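What follows is a single structure, written as structure tokens, with notes after it.
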Amino acid sequence: MPLLKLQAIDTASGVRPFRELRATELDSRTLWEHLAVHGYVLIRNLLFPRDLNRLFTEISHISAAAGWLDPNRDPLDRIANPGIAFDDTDPYFKRVSDQVFNLESFHALPHHPTLRATMELLVGPHLLVHPKPIPRLIFPNAERFRPLAHQDHYAIAGDLQTYTAWMPLHDCTPKLGPLHILEGSHRYGLQKTPPGTGVIPKKEALGDHWVGGRINAGDVLLFHCLTVHAASPNRSNQLRLSIDCRFQSYDRPLNPANLVFPSAAAKSWESVYANWRYDQLKYYWKHLPLQFKPSAAELANLAQTADTPEKRDRYARILAQLDAPIAT
């Protein structure tokens, strides 16, 4: 699944402050009402900053080893190497991003007990944590990579009761480029985009008003898969590090592409797991009674009948990986 870009929005353009809940205020009704009415909620202090430390440290050192950070500064300061900036279309960026994706700590964070308990308040006890979170490694002052606003459902597909948790791994001031949300945009369904892009021109996005503000380490920005959102520009001198992770009930349909690697690039769960110490989170979804949409039978048919060779190959790869036995 392609990584969709995010549209930069100037914080001077009248963005209103986030609606917030504190972790101590959470209950199922309150959480559900915020998501149903506004399409999002910012939960303050849901996690302790120390819960993020291992992942934050590992990503910072990977970034330093890649030459992305000032070699004369502590990697944990995340001071960017001047003149270097990549986006997710660059092959070198993808190699470094894959190193982050392969970290055991990266996959463990979406399963944090407090985060799981919070998501169960929203979707019920049959929680499915999608196994492919996305690392966001955002360079400062890279305006030439200005990305576009979107809804996550364009890439995730599957069930409409799917939610994203966006978490910075450090305090994220407006200068560092935290997400902005178009409040109420989830009420308009899947919005129009130029064919094959998934991006929504800002002037055409339907919703109430844009909201934003500071998001600290330990805060969680939670939003519906139809909520339009976008990144503000990183105007600092630091790399911005964050993670997107997604959740739904496993009683509801799941797009099987969210479990596998449907592109032609050489990537597998075996390579992801190669250096993990523990087995607990390996292939955890294979033990759940998942409902696929498209189903295995539909995938087999699409692998024969889709309208382009690329689509037929993609469906065939998804089906083959779903049917593959668990490596031991």
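As shown in the structure tokens, the chain order sets the letters A, B, ...; within each chain, residues go from 1, and ligands are also counted from 1 in the order they appear.
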- Do you know which residues are at most 10 Å from range 303-306 of chain A counting only C-alpha atoms, after dropping those on the same chain fewer than 3 positions away, and could you put them as a ChimeraX atom specification? /A:297-300,309-319
Give me the residues of range 45-142 of chain A that have any atom at most 6 Å from an atom of range 216-237 of chain A; for each, the nearest atom pair and the distance in Å, rounded to one decimal. Use only C-alpha atoms, sort by chain and number, and format it as a Markdown table.
```
| residue | atom | partner | partner_atom | distance |
| --- | --- | --- | --- | --- |
| A:Asn45 | CA | A:Asp219 | CA | 4.9 |
| A:Leu46 | CA | A:Asp219 | CA | 5.7 |
| A:Leu47 | CA | A:Gly218 | CA | 4.3 |
| A:Phe48 | CA | A:Gly218 | CA | 5.2 |
| A:Pro49 | CA | A:Gly218 | CA | 5.0 |
| A:Ile79 | CA | A:Asn237 | CA | 5.8 |
| A:Ala80 | CA | A:Asn237 | CA | 5.9 |
| A:Pro140 | CA | A:Asn234 | CA | 4.8 |
| A:Asn141 | CA | A:Arg235 | CA | 5.2 |
```
- range 240-324 of chain A: which residues are helix (DSSP H, G or I) by DSSP, as a PyMOL selection string? chain A and resi 256-259+269-272+284-287+296-305+309-323
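Computed from the coordinates, the CA of Pro125 in chain A to CA of Ser28 in chain A distance equals 11.5 Å.
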- Query: Quick one: residues within 12 Å of Trp276 in chain A, only C-alpha atoms counted, chain neighbours fewer than 6 positions away excluded, as a list in words?
  - Reply: Phe101, Asn102, Leu103, Glu104, Ser105, Phe106, His107, Ala108, Trp269, Glu270 and Lys282 of chain A
- Query: CA of Arg240 in chain A and CA of Arg54 in chain A, how far apart in Å?
  - Reply: 16.1 Å
- Return the single residue from A:Ala205, A:Val129, A:Ile138, A:Leu182 that is closest to Asn258 in chain A, with distances computed using only C-alpha atoms.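 The closest residue to Asn258 in chain A is A:Val129.
Candidate residues A:Arg16, A:Lys94, A:Lys286, A:Arg246 were compared for distance to Ala165 in chain A, and the nearest is A:Arg246, using only C-alpha atoms.
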- Selected residue of minimal separation from His38 in chain A among A:Gln280, A:Gln321, A:Ser295, A:Ser185, counting only C-alpha atoms: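 Comparing A:Gln280, A:Gln321, A:Ser295, A:Ser185 against His38 in chain A, the winner is A:Ser185.
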- Mind giving me the straight-line distance from CA of Glu33 in chain A to CA of Leu122 in chain A in Å, one decimal? 9.7 Å
- Message: For Ser242 in chain A, find every residue with an atom within 12 Å (counting only C-alpha atoms), except residues of its own chain fewer than 3 positions away, and show them as a ChimeraX atom specification.
- Response: /A:52,55-56,59-60,97,100,106,109,133-139,165-172,176-179,215-221,231,239,245
- Item | Proximity to Lys293 in chain A - best of A:Ala117, A:Leu35, A:Leu254, A:Val199, only C-alpha atoms |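 Of all the options, A:Leu254 lies closest to Lys293 in chain A.
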